[in-house]
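Each remark here refers to the structure printed beneath this line.
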Amino acid sequence: MIKIAVEKKVGGKYGHFELEVDTGFQLNKTTRILGPSGVGKTTLLKILAGLVLPDSGKVVFENELWYDGERAYSEKVQDRGVGFVFQDYALFPNMSVAKHLQYGSNDSSYISRLLELGEMTKMRDKLPRQLSGGQQQRLAIMRALSTKPKLLLMDEPFAALDSQLKHRLISGLKLLFAEQQTTVIVVTHHEDELNDENSLEFTLTTKED
């Protein structure tokens, strides 16, 4: 179980508000984070990853303490074993597709499997600027999976994909998640994404200042 009870003041294009989360996420499951734009869904993912620090509270992954506001302690990002698919992809401009995956793994057979899953085998030597938006998004997903993370955080990961490609990719991802027992938390506005009898939902709301 991931237990998170935190508060964070957030400001941005949607105004200022207080993000308050007190919940638990089941391990080895996919949880879909729902809610309107501007309620702090991306901030919640970044708190779990350690990229944003809450103002107070606690985050515990199984028996590992990841954040404790009272002790001013935060587990290092690189020690959390988290994969993150960013909305803007955050790709390395001078790295080929294959190099992106090799950055996270030296297992050539696993890298080949990811390239096949993302339907990017023929693009392995291309740079991000040579890829379409959908190809860049698929690369971002494959890169996040290259480290075989115990927790995968996905922020609108299929927005640039057409429906048929998205369906094929999600089918393959579900098999991989089950095989690797990956805990997945995904922000989405689409009810059909990673939604099946085994998936869970959490709707995020905020308290305005």
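Ligands are numbered from 1 in the order shown, residues from 1 within each chain, and chains are lettered A, B, ... in the order they appear in the structure tokens.
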
Between range 4-119 of chain A and range 180-197 of chain A, at 10 Å or less, what are the per-residue closest atom pairs and their distances in Å? Count only C-alpha atoms, order by chain and rising residue number, and return it as a Markdown table.
```
| residue | atom | partner | partner_atom | distance |
| --- | --- | --- | --- | --- |
| A:Phe25 | CA | A:Ile185 | CA | 8.4 |
| A:Gln26 | CA | A:Thr183 | CA | 7.6 |
| A:Leu27 | CA | A:Thr183 | CA | 5.2 |
| A:Asn28 | CA | A:Thr183 | CA | 4.3 |
| A:Lys29 | CA | A:Thr183 | CA | 5.2 |
| A:Thr30 | CA | A:Val184 | CA | 4.5 |
| A:Thr31 | CA | A:Ile185 | CA | 4.9 |
| A:Arg32 | CA | A:Val186 | CA | 5.0 |
| A:Ile33 | CA | A:Val187 | CA | 4.7 |
| A:Leu34 | CA | A:Thr188 | CA | 6.2 |
| A:Gly35 | CA | A:His189 | CA | 7.5 |
| A:Pro36 | CA | A:His189 | CA | 7.9 |
| A:Ser37 | CA | A:His189 | CA | 8.9 |
| A:Lys41 | CA | A:Val187 | CA | 6.6 |
| A:Thr42 | CA | A:Val187 | CA | 7.4 |
| A:Leu44 | CA | A:Val187 | CA | 9.6 |
| A:Leu45 | CA | A:Ile185 | CA | 7.9 |
| A:Leu48 | CA | A:Ile185 | CA | 9.8 |
| A:Val82 | CA | A:Thr183 | CA | 9.7 |
| A:Gly83 | CA | A:Val184 | CA | 9.4 |
| A:Phe84 | CA | A:Ile185 | CA | 9.8 |
| A:Val85 | CA | A:Val186 | CA | 9.2 |
| A:Gln87 | CA | A:Val187 | CA | 9.9 |
```

If you run DSSP over the backbone, which residues in range 8-201 of chain A end up strand (DSSP E)? Put them as an MDAnalysis selection string.
chainID A and resid 8:12 15:25 30:34 56:61 64:68 73:74 82:85 151:155 183:187 200:201

If we count only C-alpha atoms, what is near Gly57 in chain A at a cut-off of 9 Å, once residues fewer than 2 positions away on the same chain are taken out, given as a list in words?
Ile4, Ala5, Val6, Glu7, Pro54, Asp55, Val59, Tyr67, Asp68, Gly69 and Glu70 of chain A

So that I have them on file, write out the residues from the current selection with N, CA and C atoms, as a PDB file, in the first residue's frame.
```pdb
ATOM      1  N   ILE A   4      -0.516   8.103   1.516  1.00  0.00           N
ATOM      2  CA  ILE A   4      -0.137   9.494   1.324  1.00  0.00           C
ATOM      3  C   ILE A   4      -1.143  10.393   2.035  1.00  0.00           C
ATOM      4  N   ALA A   5      -0.634  11.225   2.916  1.00  0.00           N
ATOM      5  CA  ALA A   5      -1.455  12.221   3.625  1.00  0.00           C
ATOM      6  C   ALA A   5      -0.644  13.503   3.656  1.00  0.00           C
ATOM      7  N   VAL A   6      -0.906  14.385   2.697  1.00  0.00           N
ATOM      8  CA  VAL A   6      -0.072  15.579   2.529  1.00  0.00           C
ATOM      9  C   VAL A   6      -0.927  16.805   2.252  1.00  0.00           C
ATOM     10  N   GLU A   7      -0.316  17.958   2.476  1.00  0.00           N
ATOM     11  CA  GLU A   7      -0.905  19.239   2.098  1.00  0.00           C
ATOM     12  C   GLU A   7       0.151  20.029   1.333  1.00  0.00           C
ATOM     13  N   PRO A  54       5.840  18.314  -0.433  1.00  0.00           N
ATOM     14  CA  PRO A  54       4.644  18.876   0.204  1.00  0.00           C
ATOM     15  C   PRO A  54       5.040  19.910   1.259  1.00  0.00           C
ATOM     16  N   ASP A  55       4.058  20.649   1.737  1.00  0.00           N
ATOM     17  CA  ASP A  55       4.305  21.562   2.853  1.00  0.00           C
ATOM     18  C   ASP A  55       4.284  20.821   4.177  1.00  0.00           C
ATOM     19  N   VAL A  59       4.437  10.431   3.278  1.00  0.00           N
ATOM     20  CA  VAL A  59       4.255   9.488   2.178  1.00  0.00           C
ATOM     21  C   VAL A  59       5.021   8.221   2.527  1.00  0.00           C
ATOM     22  N   TYR A  67       8.525  10.365   2.559  1.00  0.00           N
ATOM     23  CA  TYR A  67       8.481  11.776   2.948  1.00  0.00           C
ATOM     24  C   TYR A  67       7.866  11.896   4.329  1.00  0.00           C
ATOM     25  N   ASP A  68       8.477  12.732   5.168  1.00  0.00           N
ATOM     26  CA  ASP A  68       7.936  13.024   6.495  1.00  0.00           C
ATOM     27  C   ASP A  68       8.186  14.499   6.782  1.00  0.00           C
ATOM     28  N   GLY A  69       7.121  15.283   6.777  1.00  0.00           N
ATOM     29  CA  GLY A  69       7.256  16.719   6.985  1.00  0.00           C
ATOM     30  C   GLY A  69       7.776  17.067   8.363  1.00  0.00           C
ATOM     31  N   GLU A  70       7.377  16.333   9.378  1.00  0.00           N
ATOM     32  CA  GLU A  70       7.819  16.634  10.747  1.00  0.00           C
ATOM     33  C   GLU A  70       9.323  16.450  10.897  1.00  0.00           C
TER      34      GLU A  70
END
```

In Å and to one decimal, CA of Lys166 in chain A is distant from CA of Met120 in chain A by 13.8 Å

Work out how far apart CA of Leu19 in chain A and CA of Gln137 in chain A are and give it in Å to one decimal.
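For CA of Leu19 in chain A relative to CA of Gln137 in chain A, the distance reads 27.7 Å.
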
Residues of range 13-76 of chain A classed as helix (DSSP H, G or I) by DSSP on the backbone are to be reported as a PyMOL selection string.
chain A and resi 41-49

List the neighbours of His167 in chain A out to 12 Å using only C-alpha atoms; skip same-chain residues closer than 4 positions along the sequence, and give me the result as a list in words.
Leu117, Gly118, Phe158, Leu161, Asp162, Ser163, Ser171, Gly172, Leu173, Lys174, Asp192, Glu193, Leu194 and Asn195 of chain A

12 Å contact set for Leu131 in chain A, only C-alpha atoms, chain neighbours under 3 positions out, as a ChimeraX atom specification
/A:91,93,96-97,120,122-128,134-140

Selection file, all heavy atoms, as a compact mmCIF listing (two decimals), in the first residue's frame:
```
# COMPACT_ATOMS: atom_id res chain seq x y z
N LEU A 91 12.23 14.45 -23.18
CA LEU A 91 13.22 13.61 -23.85
C LEU A 91 14.56 14.33 -23.98
O LEU A 91 14.63 15.56 -23.94
CB LEU A 91 12.71 13.23 -25.25
CG LEU A 91 11.37 12.46 -25.27
CD1 LEU A 91 10.91 12.28 -26.71
CD2 LEU A 91 11.51 11.12 -24.56
N PRO A 93 17.37 15.65 -26.22
CA PRO A 93 17.38 15.99 -27.65
C PRO A 93 18.48 15.34 -28.45
O PRO A 93 18.32 15.12 -29.66
CB PRO A 93 17.51 17.52 -27.65
CG PRO A 93 18.08 17.87 -26.32
CD PRO A 93 17.54 16.84 -25.37
N SER A 96 19.39 9.13 -29.30
CA SER A 96 18.51 8.37 -30.18
C SER A 96 17.45 7.63 -29.35
O SER A 96 17.54 7.54 -28.12
CB SER A 96 19.34 7.36 -30.98
OG SER A 96 19.84 6.34 -30.12
N VAL A 97 16.48 7.08 -30.06
CA VAL A 97 15.45 6.28 -29.39
C VAL A 97 16.08 5.16 -28.58
O VAL A 97 15.77 4.96 -27.40
CB VAL A 97 14.46 5.71 -30.44
CG1 VAL A 97 13.57 4.64 -29.82
CG2 VAL A 97 13.62 6.83 -31.05
N MET A 120 8.27 0.89 -32.41
CA MET A 120 9.32 1.86 -32.74
C MET A 120 10.63 1.20 -33.14
O MET A 120 11.68 1.84 -33.16
CB MET A 120 9.55 2.80 -31.54
CG MET A 120 8.33 3.58 -31.12
SD MET A 120 8.70 4.92 -29.97
CE MET A 120 9.59 6.04 -31.03
N LYS A 122 11.82 0.32 -36.00
CA LYS A 122 12.45 0.93 -37.17
C LYS A 122 12.93 2.36 -36.89
O LYS A 122 13.59 2.96 -37.74
CB LYS A 122 11.47 0.94 -38.34
CG LYS A 122 11.12 -0.46 -38.84
CD LYS A 122 10.15 -0.40 -40.01
CE LYS A 122 9.80 -1.79 -40.52
NZ LYS A 122 8.85 -1.74 -41.66
N MET A 123 12.63 2.88 -35.72
CA MET A 123 12.99 4.26 -35.39
C MET A 123 14.10 4.32 -34.35
O MET A 123 14.40 5.38 -33.81
CB MET A 123 11.77 5.01 -34.86
CG MET A 123 10.59 4.98 -35.81
SD MET A 123 9.07 5.48 -34.99
CE MET A 123 7.84 4.86 -36.14
N ARG A 124 14.74 3.19 -34.07
CA ARG A 124 15.66 3.11 -32.95
C ARG A 124 16.82 4.10 -33.05
O ARG A 124 17.39 4.50 -32.03
CB ARG A 124 16.19 1.68 -32.79
CG ARG A 124 16.95 1.12 -33.95
CD ARG A 124 17.44 -0.32 -33.67
NE ARG A 124 18.29 -0.34 -32.48
CZ ARG A 124 18.12 -1.19 -31.47
NH1 ARG A 124 17.14 -2.06 -31.49
NH2 ARG A 124 18.95 -1.15 -30.45
N ASP A 125 17.21 4.49 -34.25
CA ASP A 125 18.35 5.39 -34.43
C ASP A 125 17.95 6.86 -34.61
O ASP A 125 18.81 7.72 -34.79
CB ASP A 125 19.19 4.95 -35.63
CG ASP A 125 19.81 3.57 -35.41
OD1 ASP A 125 20.21 3.28 -34.27
OD2 ASP A 125 19.85 2.78 -36.38
N LYS A 126 16.66 7.14 -34.55
CA LYS A 126 16.19 8.50 -34.76
C LYS A 126 16.28 9.33 -33.48
O LYS A 126 16.17 8.80 -32.37
CB LYS A 126 14.75 8.51 -35.28
CG LYS A 126 14.61 7.95 -36.69
CD LYS A 126 13.20 8.12 -37.20
CE LYS A 126 13.07 7.63 -38.64
NZ LYS A 126 13.90 8.44 -39.59
N LEU A 127 16.47 10.64 -33.66
CA LEU A 127 16.48 11.58 -32.54
C LEU A 127 15.06 12.09 -32.31
O LEU A 127 14.21 12.04 -33.21
CB LEU A 127 17.41 12.75 -32.86
CG LEU A 127 18.89 12.41 -33.05
CD1 LEU A 127 19.66 13.64 -33.51
CD2 LEU A 127 19.50 11.84 -31.77
N PRO A 128 14.78 12.62 -31.11
CA PRO A 128 13.42 13.12 -30.81
C PRO A 128 12.89 14.11 -31.84
O PRO A 128 11.70 14.06 -32.18
CB PRO A 128 13.58 13.76 -29.44
CG PRO A 128 14.66 12.95 -28.79
CD PRO A 128 15.62 12.65 -29.90
N GLY A 134 3.22 11.73 -31.47
CA GLY A 134 2.82 10.43 -30.97
C GLY A 134 3.99 9.50 -30.75
O GLY A 134 4.03 8.73 -29.78
N GLN A 135 4.99 9.56 -31.64
CA GLN A 135 6.20 8.75 -31.47
C GLN A 135 7.00 9.20 -30.27
O GLN A 135 7.53 8.37 -29.52
CB GLN A 135 7.04 8.82 -32.75
CG GLN A 135 6.40 8.13 -33.93
CD GLN A 135 7.01 8.52 -35.26
OE1 GLN A 135 7.82 9.46 -35.35
NE2 GLN A 135 6.66 7.81 -36.32
N GLN A 136 7.08 10.50 -30.05
CA GLN A 136 7.77 11.00 -28.87
C GLN A 136 7.06 10.54 -27.59
O GLN A 136 7.71 10.18 -26.60
CB GLN A 136 7.83 12.52 -28.91
CG GLN A 136 8.76 13.08 -29.96
CD GLN A 136 8.83 14.59 -29.93
OE1 GLN A 136 8.72 15.21 -28.89
NE2 GLN A 136 9.02 15.21 -31.10
N GLN A 137 5.74 10.54 -27.62
CA GLN A 137 4.98 10.11 -26.44
C GLN A 137 5.23 8.63 -26.16
O GLN A 137 5.43 8.23 -25.00
CB GLN A 137 3.50 10.38 -26.64
CG GLN A 137 2.68 10.19 -25.37
CD GLN A 137 1.31 10.82 -25.48
OE1 GLN A 137 0.54 10.50 -26.37
NE2 GLN A 137 1.00 11.72 -24.56
N ARG A 138 5.23 7.81 -27.19
CA ARG A 138 5.51 6.38 -27.00
C ARG A 138 6.93 6.17 -26.48
O ARG A 138 7.17 5.32 -25.61
CB ARG A 138 5.30 5.63 -28.31
CG ARG A 138 3.84 5.32 -28.56
CD ARG A 138 3.45 5.45 -30.01
NE ARG A 138 4.25 4.69 -30.94
CZ ARG A 138 4.32 4.93 -32.24
NH1 ARG A 138 3.63 5.93 -32.77
NH2 ARG A 138 5.08 4.20 -33.03
N LEU A 139 7.88 6.95 -26.98
CA LEU A 139 9.25 6.84 -26.47
C LEU A 139 9.31 7.20 -24.99
O LEU A 139 10.01 6.54 -24.21
CB LEU A 139 10.18 7.75 -27.29
CG LEU A 139 11.63 7.84 -26.79
CD1 LEU A 139 12.27 6.47 -26.70
CD2 LEU A 139 12.44 8.77 -27.70
N ALA A 140 8.58 8.24 -24.60
CA ALA A 140 8.57 8.62 -23.18
C ALA A 140 8.04 7.49 -22.31
O ALA A 140 8.55 7.24 -21.20
CB ALA A 140 7.72 9.88 -22.99
```

Residue contacts of range 49-51 of chain A (8 Å, only C-alpha atoms) excluding same-chain residues fewer than 6 positions away, as a PyMOL selection string:
chain A and resi 66+74-77+80+82+84+153

With only C-alpha atoms as the atoms that count, which of A:Gly11, A:Gly24, A:Leu65, A:Val60 lies nearest to Leu200 in chain A?
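Distance minimum relative to Leu200 in chain A lands on A:Gly24.
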
So the first atom is CA of Val10 in chain A and the second is CA of Gly40 in chain A; what is the distance between them in Å, to one decimal place?
7.6 Å
